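Chemist: Here it is, the structure, as structure tokens.
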Amino acid sequence: MRIIIAGSGIVGLTTGIAFKAIGWDVLVCEQAPEIRAAGAAIGLWRNALDVFAEFGAGDSIRAIGAPVETWFYDATGQRYRAPGFDLAEHSFELFPRPELNRLLAQAVGAENIRLGAKLLAFKEADDGVEVSFADGRVEHADLLVGADGVYSAVRAQLVPGHPAQEHRGHHVWRGMLAAGDEPAEGSILTVGHQRARGGYARTYGDQVVWMVNQFDSEAPVGSKKEEALRRAALLNENGWNDALARLIERTPEAQILHNQIMFVPSLPRWTSARVALIGDAAHGLSPHISAGGTLGVEDVHVLVRAVQRHDTLAAALSAYQANRMPHYAQVHALADAVEAARDAHEYAQTYAEFTHWMLNEGYRASRA
């Protein structure tokens, strides 16, 4: 059996690793000329790390993770956690995206990855799927998986009329650089004024990552650094969080990432008989819950196990869709509650409720 995977992000590469582990012929196609990472770092929860371990990539990936325990601060530096929740519901691991992608690509194998391969279209038949690329190549497979993100070319053909949409007024600025004299424990997440949020944390290789975002933001007009510093000021009422501002100040402008956040609207379907959407291509979320990567890696586990359990791909993909679509309806409800939190205290409560669900009911659903 052969699978073609569009997209070489974390979820696409994990899909390649998983299908390779069960004996499939794998081809990961990436339109860019190199494997590259969007963003500076990513937090992953146990749900994702267990998937890596199950398919043989766990040890190398865990070696580059930095454990993080979450606290939620207000603009004065007062910190909160919701009572009644375990430490596990406030603990994840932070990974540098470039190194993580490198390790995942290494596990897939260079011989199974094609760069500069922009997918143009696909055509399904009873005996397989034909995939056409911009360079004129045509490939055939039993299964096509669209792991090509919020701007998915696979989704555009499978489910026309559902392009990525702006999470209007939601902007985020991020950076990663060598650690300095900032407190090593970081500020993780501060809920400040005017719906601004942000913080920083240490990660692998003595690096530090920082992030600031704002909901209902005016359109940015200044430089990336100027706009990031404006939001950082909303998180620092009395000077307690000067370290965040200093981090932004010493980050070269070219290394600061700015994004208008996009999301994928609810879709009427994720699959056909031989094509499946996965990760952000199916359910791209606002990153304010810091779980999009984990949820996408969980999708891989559900898809692979469905393929192993059913006699036909059509039945397997139907089962995958039946598991995931209700799951993400609940994800969206919980994520909306986190977004609506008015202060750090309420944020701590709604976020703990989300992580409790993800680590328990959500985890069990991915293993059903």
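Residue names in the structure tokens use chain letters A, B, ... in the order shown, residue numbers from 1 in each chain, and ligand numbers from 1 in the order shown.
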Would you return as a ChimeraX atom specification the members of region 69-242 of chain A that DSSP assigns to helix (DSSP H, G or I) on this structure's backbone?
Modeler: /A:87-90,97-108,110-112,153-158,193-195,224-233,242
Chemist: Please produce an output containing C-alpha atoms for each residue in the selection, written as a PDB file, in the first residue's frame.
Modeler:
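Below you can see result-v2.pdb, which holds the result:
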```pdb
ATOM      1  CA  LEU A  87       0.130  19.178  38.027  1.00  0.00           C
ATOM      2  CA  ALA A  88      -0.099  17.101  34.835  1.00  0.00           C
ATOM      3  CA  GLU A  89      -2.772  19.496  33.636  1.00  0.00           C
ATOM      4  CA  HIS A  90      -0.279  22.348  33.935  1.00  0.00           C
ATOM      5  CA  ARG A  97      10.318  23.766  15.753  1.00  0.00           C
ATOM      6  CA  PRO A  98      13.345  23.648  13.427  1.00  0.00           C
ATOM      7  CA  GLU A  99      15.040  20.867  15.401  1.00  0.00           C
ATOM      8  CA  LEU A 100      11.780  18.969  15.858  1.00  0.00           C
ATOM      9  CA  ASN A 101      11.069  19.053  12.131  1.00  0.00           C
ATOM     10  CA  ARG A 102      14.627  17.939  11.409  1.00  0.00           C
ATOM     11  CA  LEU A 103      14.258  14.896  13.654  1.00  0.00           C
ATOM     12  CA  LEU A 104      10.861  13.996  12.232  1.00  0.00           C
ATOM     13  CA  ALA A 105      12.191  14.272   8.666  1.00  0.00           C
ATOM     14  CA  GLN A 106      15.139  12.100   9.617  1.00  0.00           C
ATOM     15  CA  ALA A 107      12.735   9.442  10.923  1.00  0.00           C
ATOM     16  CA  VAL A 108      10.701   9.555   7.700  1.00  0.00           C
ATOM     17  CA  ALA A 110      15.138  11.580   2.908  1.00  0.00           C
ATOM     18  CA  GLU A 111      14.345   8.935   0.297  1.00  0.00           C
ATOM     19  CA  ASN A 112      10.654   9.253   1.222  1.00  0.00           C
ATOM     20  CA  ALA A 153      -4.628  22.626  -1.642  1.00  0.00           C
ATOM     21  CA  VAL A 154      -6.101  19.209  -0.866  1.00  0.00           C
ATOM     22  CA  ARG A 155      -8.963  20.780   1.108  1.00  0.00           C
ATOM     23  CA  ALA A 156      -9.629  23.268  -1.700  1.00  0.00           C
ATOM     24  CA  GLN A 157     -10.480  20.375  -4.023  1.00  0.00           C
ATOM     25  CA  LEU A 158     -12.017  17.969  -1.507  1.00  0.00           C
ATOM     26  CA  HIS A 193      -4.932  44.838  29.458  1.00  0.00           C
ATOM     27  CA  GLN A 194      -6.897  45.328  26.225  1.00  0.00           C
ATOM     28  CA  ARG A 195      -7.034  41.570  25.651  1.00  0.00           C
ATOM     29  CA  LYS A 224       7.210  44.136  14.127  1.00  0.00           C
ATOM     30  CA  LYS A 225       9.353  45.059  17.119  1.00  0.00           C
ATOM     31  CA  GLU A 226       7.387  48.252  17.812  1.00  0.00           C
ATOM     32  CA  GLU A 227       4.086  46.434  17.696  1.00  0.00           C
ATOM     33  CA  ALA A 228       5.339  43.575  19.891  1.00  0.00           C
ATOM     34  CA  LEU A 229       6.631  46.065  22.467  1.00  0.00           C
ATOM     35  CA  ARG A 230       3.256  47.839  22.526  1.00  0.00           C
ATOM     36  CA  ARG A 231       1.575  44.578  23.527  1.00  0.00           C
ATOM     37  CA  ALA A 232       4.309  43.722  26.033  1.00  0.00           C
ATOM     38  CA  ALA A 233       3.642  47.040  27.780  1.00  0.00           C
ATOM     39  CA  ASP A 242      10.543  44.001  32.117  1.00  0.00           C
TER      40      ASP A 242
END
```
Chemist: Using only C-alpha atoms, tabulate the residues of region 218-297 of chain A lying at most 12 Å from any atom of region 329-350 of chain A, each with its closest atom pair and that distance in Å to one decimal, by chain and increasing residue number, as JSON lines.
Modeler:
```
{"residue": "A:Leu235", "atom": "CA", "partner": "A:Ala344", "partner_atom": "CA", "distance": 11.1}
{"residue": "A:Phe263", "atom": "CA", "partner": "A:His332", "partner_atom": "CA", "distance": 11.2}
{"residue": "A:Val264", "atom": "CA", "partner": "A:His332", "partner_atom": "CA", "distance": 11.3}
{"residue": "A:Pro265", "atom": "CA", "partner": "A:His332", "partner_atom": "CA", "distance": 10.6}
{"residue": "A:Ser266", "atom": "CA", "partner": "A:Ala329", "partner_atom": "CA", "distance": 8.6}
{"residue": "A:Leu267", "atom": "CA", "partner": "A:Ala329", "partner_atom": "CA", "distance": 10.9}
{"residue": "A:His283", "atom": "CA", "partner": "A:His332", "partner_atom": "CA", "distance": 9.5}
{"residue": "A:Gly284", "atom": "CA", "partner": "A:His332", "partner_atom": "CA", "distance": 10.5}
{"residue": "A:Leu285", "atom": "CA", "partner": "A:His332", "partner_atom": "CA", "distance": 8.2}
{"residue": "A:Ser286", "atom": "CA", "partner": "A:Ala335", "partner_atom": "CA", "distance": 8.4}
{"residue": "A:Pro287", "atom": "CA", "partner": "A:Ala335", "partner_atom": "CA", "distance": 9.4}
{"residue": "A:His288", "atom": "CA", "partner": "A:Glu339", "partner_atom": "CA", "distance": 7.2}
{"residue": "A:Ile289", "atom": "CA", "partner": "A:Ala335", "partner_atom": "CA", "distance": 6.3}
{"residue": "A:Ser290", "atom": "CA", "partner": "A:Ala335", "partner_atom": "CA", "distance": 9.9}
{"residue": "A:Ala291", "atom": "CA", "partner": "A:Ala335", "partner_atom": "CA", "distance": 9.8}
{"residue": "A:Gly292", "atom": "CA", "partner": "A:Val331", "partner_atom": "CA", "distance": 10.1}
{"residue": "A:Leu295", "atom": "CA", "partner": "A:Val331", "partner_atom": "CA", "distance": 9.3}
```
Chemist: Let's see if you can do this: from backbone DSSP, list all strand (DSSP E) residues in region 155-247 of chain A, as a PyMOL selection string.
Modeler: chain A and resi 165-178+189-191+196-203+207-214
Chemist: Quick one: of A:Trp357, A:Trp240, A:Trp173, A:Phe52, who's nearest to Gly77 (chain A), counting only C-alpha atoms?
Modeler: A:Trp240
Chemist: For Asn323 (chain A), which of A:Ala365, A:Leu13, A:Leu257, A:Ala164 is the closest residue, counting only C-alpha atoms?
Modeler: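 With only C-alpha atoms as the atom set, the closest residue is A:Ala365.
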Chemist: Using only C-alpha atoms, which protein or nucleic acid residues come within 10 Å of Phe133 (chain A)? Drop anything in the same chain fewer than 6 positions from it, and give the result as a PyMOL selection string.
Modeler: chain A and resi 29+31+116-122+139
Chemist: Point out the residue among A:Ile261, A:Ala57, A:Ile188, A:Ala37 with the least atom-to-atom distance to Asp74 (chain A), counting only C-alpha atoms.
Modeler: A:Ile188
Chemist: Could you please determine the separation between CA of Leu247 (chain A) and CA of Trp45 (chain A) in Å, to one decimal place?
Modeler: 25.8 Å
